[in-house]
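Each remark here refers to the structure printed beneath this line.
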Amino acid sequence: MAPVPMHQGLLLAGILFALGLTGLLVRRNMIFMLMSLEIMLNAAGVAFVVAGSRWGQADGQIVFLFILSMAAAEVSVGLALVLQLYRRFKTLDADAVSEMRG
Amino acid sequence: MEVVFYIAAMVAITSTVLAITRLNAVHALLYLIVSLLSVAVVFYVIGAPFVAALEVIIYAGAIMVLFVFVVMMLNLGKAATDRERQWQRPGMWVGPSLLAAILIAEMAYLIAGPGTAAYGSAVIGPKQVGIVLFGPYLIGVELASMLLLGALVGAYHLGRRIPEKTEN
């Protein structure tokens, strides 16, 4: 029973990252852009875990834990920003905020 | 065992494509949850059960619930009810349910199947991860706790309602 080759797992991570990047670029809704960011972070975590499994080390899983906590922090702040955006502009369109001036 | 990996990877890619192409945020969230669950199955297959459990608990559980809460909060409005009626068309749940059923079948096969422990690469369990996490990576744990504290304070600060008086 042969293990899964590492490049297959890295290919999965790359495809997921590309999908998340595509979603980030094509969607203008802030909720969808945050979801695409989550997909990209998750894909990076997949790459780390696959590499850690390939070398039999726990470091990959630990980096995934750090990515997980970073994603939790990012999404909480991001969703709070989305709430503020909706309260002020009554829209979730990212282009509507381009008129913001310091 | 490789077949399980490939099926889970295909489910992950399919559900991610469907998630970024949905027009409705809740439907996209359903597909995104299925994507995260299939990535958890991938982790389990390649010998990382601890991270697989965390993926389900934290990503598919906590973070996605946060998304669902915000989506539900933003939909409070006049047009919400008829939009809700439009969303509740039967059949929207079929796609995520089918993909999740594939994952359930895979998990049942992994648990009940013969070659669970005889997988090629070594399984790195929670014990090894914990030993390394609180050994060389202890400073990272502390930094992560400070990051989460900062995120908590920042989210509380950003999420508050600004009184009308501050605008003038």
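Following the order of the structure tokens, chains are lettered A, B, ..., residues in each are numbered from 1, and ligands are numbered from 1.
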
With 7 Å as the limit and counting only C-alpha atoms, what residues in chain B lie close to chain A? Please list them as a ChimeraX atom specification. /B:2,9,13,17,20,46-47,51,63,70,119-122,124,128-129,132-133,144,148,151,154-155,158-159

May I have all residues of chain B that DSSP, computed from the backbone, assigns to helix (DSSP H, G or I), given as number ranges by chain? B: 2-21, 25-45, 49-74, 80-87, 94-112, 126-133, 138-159, 164-167

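For the residues B:Val68, B:Ala101, B:Ala112, B:Ala52, ranking by smallest atom-to-atom distance to Ala25 (chain B) using only C-alpha atoms places B:Val68 first.
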
In Å, how far is it from CA of Leu30 (chain B) to CA of Ala8 (chain B)?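 Result for CA of Leu30 (chain B) versus CA of Ala8 (chain B): 16.5 Å, one decimal.
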
To one decimal place in Å, what is the distance between CA of Leu85 (chain A) and CA of Ala19 (chain B)?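 Atom-to-atom, CA of Leu85 (chain A) to CA of Ala19 (chain B), that is 22.9 Å.
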
Find the residues around Ile7 (chain B) up to 10 Å (only C-alpha atoms counted), leave out those fewer than 5 positions away in its own chain, and share them as a list of chain:residue names.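 These residues fall inside the cut-off: B:Glu2, B:Ala12, B:Ile13, B:Ser38, B:Val41, B:Val42, B:Ile102, B:Leu103, B:Glu106.
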
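Separating CA of Ile139 (chain B) from CA of Tyr44 (chain B) is a distance of 27.4 Å.
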